[in-house]
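Colleague: Supplied in structure tokens, the structure appears directly below.
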Amino acid sequence: MKFGGTSMAGTERIRRVANIVRKQQAGGDEVAVVVSAMAGETDRLVNFAREANALYDPAEYDVVVASGEQVTSGLLALTLQSLGCKARSWLGWQLPVRTIEAHANARIEGIDGSALNAAMERGEIAVIPGFQGVSSEGRVTTMGRGGSDTSAVAVAAAIGADRCDIYTDVDGVYTTDPRIVAKARKLKAVTYEEMLELASVGAKVLQTRSVGLAMKEGVRVQVLSSFVGDDAVPADEIPGTLIVSEGEMNELVEKGEMERQLVTGIAHDKNEAKIILTRVPDKPGAVANIFEPLAAASINVDMIIQNVGRDKGETDVTFTVPQADLARAQALLDDRRDEIGFNRIITDSRIAKISVVGVGMKSHAGVASTMFRALSDRGINIQAISTSEIKVSVMIDEDETELAVRVLHTAYGLDAEDEAA
Ligand code: ADP
Ligand code: ASP
Ligand code: MG
């Protein structure tokens, strides 16, 4: 069981979480619980680190930001004890949760499940702070924002759990962010592949890495709400959304429990920025000269467009980078202006990426053209396009994000019926 930041925000909510955990155990299960820091706490800690030293050392940043989860894991253990349960917290270094050295963005290498299994056999509820691990040097590491989802899946894999229930502030995975589109529909199930793609293009309900890990380890994941009353449907009856293999999805469709849709979901991401380099020489090696320094600085480039060469043997190159890396990317490219040979560098962080995702598009034509027509009918201009086998993404003006998501949700027939009337 994993509980996110909103579910852990304050004593009252932790008590509600403790009750959900207690009930699950009382039903005869052994449970391990992974918790996030209280909502807003990690942001607060990140700001402290920045204020202390703008060019912070990532190893010390991790010491600071990992503390939010230490607090909530202890508080949940205390609350469970107050309800008469046996409970014990296990910090990242105590299990241990071994990660690679990459501070602030560590990847889990392995978790020793033996202490957890032994604790659960003794009837104890094991409470584990998410987001944190320990490097081979013995220093605290953290796993990137939203990383508690990944901690939870990794713990589930390590102890061979029957299921990993991710409790959050919505009751499942929806066709799009239900906070943006009131007509969004809850999905009974989503395939790993689609969820991976949705998460990677901005659906923040699960961290991308957690989905990749669940797919690799075959962990059954359910997303469900912790904001429920005492009469709620038990988690074992799957009131939320199950992340399933394609085979399982086909079975659900055959049984009539799921409809096969061309598009499963729509996501948006406002965290990217656009860079245009004008009048780049149209010759072999020019593009490599642009992207090599960015790669060396671990800056992730997403969409790339290179226009057809103009008559003077020059071309414009447009691409996107995370907003947080924009200043760094611009400085790196400015330093190499002569070597690359571009004329001007133009940047814009007021852009958004809107993506439609669905395995159905593997075998059906027309998904992209529907998207382009629906957007153009509302006067929304497309600045760049990228595709994968099961996704089409477009870059648009940030101000048009909500409108675009709503228009596409309707265009692909995803609107919930009762609300659409
Ligand atoms: P937690 O703190 O529990 O980890 P997050 O804020 O990380 O929760 O994720 C839950 C949020 O994800 C929801 O409040 C919702 O606004 C957002 N979200 C974005 N896309 C979706 C989607 N397709 N389905 C459900 N929630 C989504
Ligand atoms: N507390 C961390 C964050 O806010 C990890 C998590 O909640 O998943 O990013
Ligand atoms: Mg989250």
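To be explicit about the labels: the chains of the structure tokens are called A, B, and onward in the order shown, and within each one the residues are counted from 1, while ligands get numbers from 1 in the order they are shown.
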From stretch 153-332 of chain A, collect each residue whose DSSP state is alpha helix (DSSP H) and return the set as JSON, numbers by chain.
Modeller: {"A": [153, 154, 155, 156, 157, 158, 159, 192, 193, 194, 195, 196, 197, 198, 199, 200, 208, 209, 210, 211, 212, 213, 214, 215, 216, 217, 246, 247, 248, 249, 250, 251, 252, 253, 254, 286, 287, 288, 289, 290, 291, 292, 293, 294, 295, 296, 326, 327, 328, 329, 330, 331, 332]}
Colleague: Any chance you can output those residues with N, CA and C atoms as a short mmCIF file (atom, residue, chain, number, x, y, z; two decimals), in the first residue's frame?
Modeller:
```cif
data_model
loop_
_atom_site.label_atom_id
_atom_site.label_comp_id
_atom_site.auth_asym_id
_atom_site.auth_seq_id
_atom_site.Cartn_x
_atom_site.Cartn_y
_atom_site.Cartn_z
N VAL A 153 6.53 0.29 -5.84
CA VAL A 153 6.57 -0.84 -6.78
C VAL A 153 7.80 -1.71 -6.49
N ALA A 154 8.92 -1.06 -6.17
CA ALA A 154 10.15 -1.81 -5.88
C ALA A 154 9.99 -2.65 -4.61
N VAL A 155 9.34 -2.10 -3.60
CA VAL A 155 9.09 -2.88 -2.37
C VAL A 155 8.17 -4.05 -2.69
N ALA A 156 7.13 -3.78 -3.47
CA ALA A 156 6.18 -4.86 -3.83
C ALA A 156 6.92 -5.99 -4.55
N ALA A 157 7.83 -5.62 -5.46
CA ALA A 157 8.58 -6.65 -6.18
C ALA A 157 9.50 -7.41 -5.22
N ALA A 158 10.14 -6.67 -4.30
CA ALA A 158 11.11 -7.30 -3.39
C ALA A 158 10.46 -8.31 -2.45
N ILE A 159 9.24 -8.03 -2.02
CA ILE A 159 8.59 -8.96 -1.08
C ILE A 159 7.62 -9.90 -1.79
N TYR A 192 0.13 -1.54 -19.18
CA TYR A 192 1.42 -0.99 -18.74
C TYR A 192 1.98 -0.04 -19.80
N GLU A 193 1.91 -0.50 -21.05
CA GLU A 193 2.50 0.26 -22.14
C GLU A 193 1.86 1.65 -22.27
N GLU A 194 0.51 1.68 -22.19
CA GLU A 194 -0.19 2.96 -22.30
C GLU A 194 0.08 3.83 -21.08
N MET A 195 0.08 3.24 -19.90
CA MET A 195 0.32 4.01 -18.68
C MET A 195 1.73 4.59 -18.69
N LEU A 196 2.68 3.80 -19.20
CA LEU A 196 4.06 4.27 -19.29
C LEU A 196 4.13 5.50 -20.19
N GLU A 197 3.43 5.41 -21.32
CA GLU A 197 3.45 6.52 -22.27
C GLU A 197 2.72 7.73 -21.67
N LEU A 198 1.54 7.50 -21.05
CA LEU A 198 0.79 8.60 -20.45
C LEU A 198 1.62 9.30 -19.37
N ALA A 199 2.28 8.51 -18.52
CA ALA A 199 3.08 9.10 -17.44
C ALA A 199 4.23 9.90 -18.03
N SER A 200 4.85 9.38 -19.08
CA SER A 200 6.04 10.05 -19.61
C SER A 200 5.67 11.34 -20.35
N THR A 208 6.73 7.89 -14.01
CA THR A 208 7.01 7.06 -15.18
C THR A 208 7.82 5.81 -14.80
N ARG A 209 8.85 6.02 -14.01
CA ARG A 209 9.72 4.89 -13.66
C ARG A 209 8.99 3.78 -12.93
N SER A 210 8.00 4.17 -12.14
CA SER A 210 7.27 3.15 -11.37
C SER A 210 6.52 2.22 -12.33
N VAL A 211 6.02 2.78 -13.42
CA VAL A 211 5.27 1.97 -14.38
C VAL A 211 6.23 1.04 -15.13
N GLY A 212 7.39 1.58 -15.51
CA GLY A 212 8.39 0.76 -16.19
C GLY A 212 8.83 -0.41 -15.32
N LEU A 213 9.03 -0.12 -14.04
CA LEU A 213 9.47 -1.16 -13.11
C LEU A 213 8.37 -2.21 -12.91
N ALA A 214 7.13 -1.75 -12.79
CA ALA A 214 6.01 -2.68 -12.59
C ALA A 214 5.88 -3.60 -13.81
N MET A 215 6.08 -3.02 -14.99
CA MET A 215 5.98 -3.82 -16.22
C MET A 215 7.08 -4.87 -16.24
N LYS A 216 8.30 -4.43 -15.89
CA LYS A 216 9.45 -5.33 -15.93
C LYS A 216 9.32 -6.45 -14.90
N GLU A 217 8.84 -6.10 -13.70
CA GLU A 217 8.76 -7.07 -12.61
C GLU A 217 7.42 -7.79 -12.55
N GLU A 246 -1.17 -6.49 -21.81
CA GLU A 246 -2.06 -6.43 -22.97
C GLU A 246 -2.95 -7.66 -23.04
N GLY A 247 -2.40 -8.81 -22.63
CA GLY A 247 -3.18 -10.04 -22.63
C GLY A 247 -4.39 -9.94 -21.72
N GLU A 248 -4.15 -9.41 -20.51
CA GLU A 248 -5.25 -9.25 -19.55
C GLU A 248 -6.28 -8.26 -20.08
N MET A 249 -5.78 -7.22 -20.75
CA MET A 249 -6.70 -6.22 -21.31
C MET A 249 -7.59 -6.86 -22.36
N ASN A 250 -7.00 -7.69 -23.21
CA ASN A 250 -7.80 -8.37 -24.23
C ASN A 250 -8.89 -9.22 -23.60
N GLU A 251 -8.55 -9.88 -22.48
CA GLU A 251 -9.57 -10.68 -21.79
C GLU A 251 -10.71 -9.80 -21.28
N LEU A 252 -10.34 -8.64 -20.70
CA LEU A 252 -11.37 -7.73 -20.19
C LEU A 252 -12.28 -7.25 -21.31
N VAL A 253 -11.69 -6.99 -22.47
CA VAL A 253 -12.49 -6.53 -23.61
C VAL A 253 -13.42 -7.65 -24.07
N GLU A 254 -12.88 -8.87 -24.14
CA GLU A 254 -13.72 -9.99 -24.58
C GLU A 254 -14.89 -10.22 -23.63
N ALA A 286 26.13 19.00 -38.43
CA ALA A 286 25.62 20.23 -37.81
C ALA A 286 24.72 19.90 -36.62
N VAL A 287 23.83 18.95 -36.81
CA VAL A 287 22.88 18.61 -35.74
C VAL A 287 23.60 17.92 -34.58
N ALA A 288 24.58 17.09 -34.92
CA ALA A 288 25.36 16.43 -33.86
C ALA A 288 26.06 17.48 -33.00
N ASN A 289 26.56 18.54 -33.63
CA ASN A 289 27.24 19.60 -32.88
C ASN A 289 26.29 20.29 -31.89
N ILE A 290 25.01 20.32 -32.23
CA ILE A 290 24.04 20.96 -31.32
C ILE A 290 23.72 20.05 -30.14
N PHE A 291 23.46 18.77 -30.44
CA PHE A 291 22.92 17.90 -29.39
C PHE A 291 23.97 17.21 -28.52
N GLU A 292 25.21 17.11 -29.01
CA GLU A 292 26.25 16.47 -28.20
C GLU A 292 26.49 17.21 -26.88
N PRO A 293 26.69 18.54 -26.91
CA PRO A 293 26.92 19.21 -25.62
C PRO A 293 25.73 19.12 -24.67
N LEU A 294 24.51 19.07 -25.22
CA LEU A 294 23.32 18.96 -24.35
C LEU A 294 23.30 17.58 -23.70
N ALA A 295 23.62 16.57 -24.48
CA ALA A 295 23.64 15.21 -23.94
C ALA A 295 24.71 15.08 -22.86
N ALA A 296 25.88 15.68 -23.12
CA ALA A 296 26.97 15.59 -22.15
C ALA A 296 26.57 16.24 -20.83
N LEU A 326 16.51 25.07 -19.26
CA LEU A 326 16.57 26.01 -20.38
C LEU A 326 17.79 26.95 -20.31
N ALA A 327 18.01 27.54 -19.13
CA ALA A 327 19.10 28.51 -19.01
C ALA A 327 20.44 27.83 -19.29
N ARG A 328 20.60 26.62 -18.76
CA ARG A 328 21.84 25.88 -18.95
C ARG A 328 22.04 25.54 -20.43
N ALA A 329 20.95 25.09 -21.07
CA ALA A 329 21.04 24.71 -22.49
C ALA A 329 21.42 25.92 -23.33
N GLN A 330 20.79 27.06 -23.02
CA GLN A 330 21.05 28.26 -23.80
C GLN A 330 22.52 28.69 -23.65
N ALA A 331 23.02 28.62 -22.43
CA ALA A 331 24.41 29.01 -22.19
C ALA A 331 25.37 28.08 -22.94
N LEU A 332 25.08 26.78 -22.89
CA LEU A 332 25.95 25.81 -23.58
C LEU A 332 26.00 26.08 -25.08
#
```
Colleague: Env of stretch 175-184 of chain A: 8 Å cut, atoms = only C-alpha atoms, seq-sep filter 6 positions within chain, self excluded. Answer as a PyMOL selection string.
Modeller: chain A and resi 203+264-267+402+405-406+409+414-416+419-420
Colleague: Could I get the residue neighbourhood of ligand 3 at 8 Å, counting only C-alpha atoms and all ligand atoms, as a PyMOL selection string?
Modeller: chain A and resi 4-5+145-149+168+204-207
Colleague: Compile the contact shell of A:Lys86 as a PDB file with C-alpha atoms, in the first residue's frame: residues with an atom at most 8 Å away, counting only C-alpha atoms, same-chain residues fewer than 2 positions apart removed.
Modeller:
```
ATOM      1  CA  LEU A  80      -0.956   2.548  13.811  1.00  0.00           C
ATOM      2  CA  GLN A  81       0.420   1.730  17.268  1.00  0.00           C
ATOM      3  CA  GLY A  84      -3.420  -1.200  18.658  1.00  0.00           C
ATOM      4  CA  ARG A  88       7.627  -0.398  12.704  1.00  0.00           C
ATOM      5  CA  GLY A 123       2.485  -9.552  12.524  1.00  0.00           C
ATOM      6  CA  GLU A 124       4.090  -6.116  12.229  1.00  0.00           C
ATOM      7  CA  ILE A 125       3.035  -3.566   9.662  1.00  0.00           C
TER       8      ILE A 125
END
```
Colleague: Name the residues, by chain letter and number, that sit within 9 Å of ligand 2 using only C-alpha atoms and all ligand atoms, and give them as a PyMOL selection string.
Modeller: chain A and resi 3-6+35-43+65-66+68-69+130-132+142-151+206-207
Colleague: Restricting the calculation to only C-alpha atoms, which member of A:Asp377, A:Leu91, A:Asn343, A:Val201 is positioned closest to A:Gly74?
Modeller: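 When distances to A:Gly74 are compared using only C-alpha atoms, the smallest one comes from A:Leu91.
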Colleague: Might you pull out every residue within 6 Å of stretch 233-245 of chain A, with only C-alpha atoms counted and same-chain residues fewer than 6 positions away left off, and present them as a list in words?
Modeller: Asp171, Gly172, Val173, Leu187, Lys188, Ala189, Val190, Thr191, Tyr192, Val221, Gln222, Val223 and Leu224 of chain A
Colleague: If you keep N, CA, C and O atoms, can you produce a file of those selected residues as a compact mmCIF listing (two decimals), in the first residue's frame?
Modeller:
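Done, and the output landed in part_3.txt:
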```txt
# COMPACT_ATOMS: atom_id res chain seq x y z
N ASP A 171 -9.77 8.71 -7.62
CA ASP A 171 -10.11 7.30 -7.40
C ASP A 171 -9.67 6.37 -8.52
O ASP A 171 -10.17 5.25 -8.63
N GLY A 172 -8.73 6.83 -9.35
CA GLY A 172 -8.21 5.95 -10.38
C GLY A 172 -7.53 6.75 -11.48
O GLY A 172 -7.36 7.96 -11.35
N VAL A 173 -7.15 6.05 -12.54
CA VAL A 173 -6.58 6.71 -13.71
C VAL A 173 -7.75 7.07 -14.63
O VAL A 173 -8.60 6.23 -14.90
N LEU A 187 -10.96 4.92 -15.83
CA LEU A 187 -10.72 3.69 -16.58
C LEU A 187 -10.64 2.53 -15.59
O LEU A 187 -10.02 2.64 -14.54
N LYS A 188 -11.29 1.42 -15.95
CA LYS A 188 -11.23 0.22 -15.12
C LYS A 188 -9.82 -0.36 -15.13
O LYS A 188 -9.32 -0.88 -14.14
N ALA A 189 -9.21 -0.29 -16.33
CA ALA A 189 -7.87 -0.84 -16.50
C ALA A 189 -7.13 -0.08 -17.59
O ALA A 189 -7.76 0.51 -18.47
N VAL A 190 -5.82 -0.06 -17.48
CA VAL A 190 -4.96 0.54 -18.51
C VAL A 190 -3.79 -0.42 -18.69
O VAL A 190 -3.34 -1.02 -17.70
N THR A 191 -3.29 -0.55 -19.91
CA THR A 191 -2.13 -1.44 -20.07
C THR A 191 -0.86 -0.73 -19.57
O THR A 191 -0.78 0.49 -19.56
N TYR A 192 0.13 -1.54 -19.18
CA TYR A 192 1.42 -0.99 -18.74
C TYR A 192 1.98 -0.04 -19.80
O TYR A 192 2.46 1.04 -19.50
N VAL A 221 -0.52 -3.41 -10.25
CA VAL A 221 -0.66 -2.10 -9.62
C VAL A 221 -2.12 -1.65 -9.72
O VAL A 221 -2.73 -1.77 -10.78
N GLN A 222 -2.64 -1.15 -8.60
CA GLN A 222 -3.97 -0.52 -8.62
C GLN A 222 -3.83 0.92 -8.14
O GLN A 222 -3.16 1.17 -7.14
N VAL A 223 -4.46 1.86 -8.85
CA VAL A 223 -4.52 3.25 -8.40
C VAL A 223 -5.91 3.47 -7.82
O VAL A 223 -6.91 3.17 -8.49
N LEU A 224 -6.00 3.97 -6.58
CA LEU A 224 -7.31 4.18 -5.95
C LEU A 224 -7.24 5.32 -4.95
O LEU A 224 -6.16 5.84 -4.67
```
Colleague: Near A:Glu101, counting only C-alpha atoms, which residues have an atom at most 8 Å away, once you skip same-chain residues fewer than 6 positions from it, shown as number ranges by chain?
Modeller: A: 135-137, 141
Colleague: Provide the atom CA of A:Arg16 to atom CA of A:Ser67 distance in Å, to one decimal place.
Modeller: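 Pair atom CA of A:Arg16 / atom CA of A:Ser67 returns 22.2 Å.
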Colleague: Considering only C-alpha atoms, state which residue in the set A:Val394, A:Val64, A:Val134, A:Met8 is at the smallest distance from A:Ala102.
Modeller: A:Val134
Colleague: Quick one: everything within 12 Å of A:Gly113, counting only C-alpha atoms, minus sequence neighbours fewer than 4 positions away in the same chain. Send it as a PyMOL selection string.
Modeller: chain A and resi 32+90+92+94-98+117-120+126+128+154-161
Colleague: To one decimal in Å, tell me the separation between atom CA of A:Pro322 and atom CA of A:Ile299.
Modeller: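 According to the coordinates, atom CA of A:Pro322 and atom CA of A:Ile299 are separated by 7.7 Å.
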Colleague: Point out the residue among A:Arg13, A:Arg350, A:His103, A:His268 with the least atom-to-atom distance to ligand 1, counting only C-alpha atoms and all ligand atoms.
Modeller: A:His268
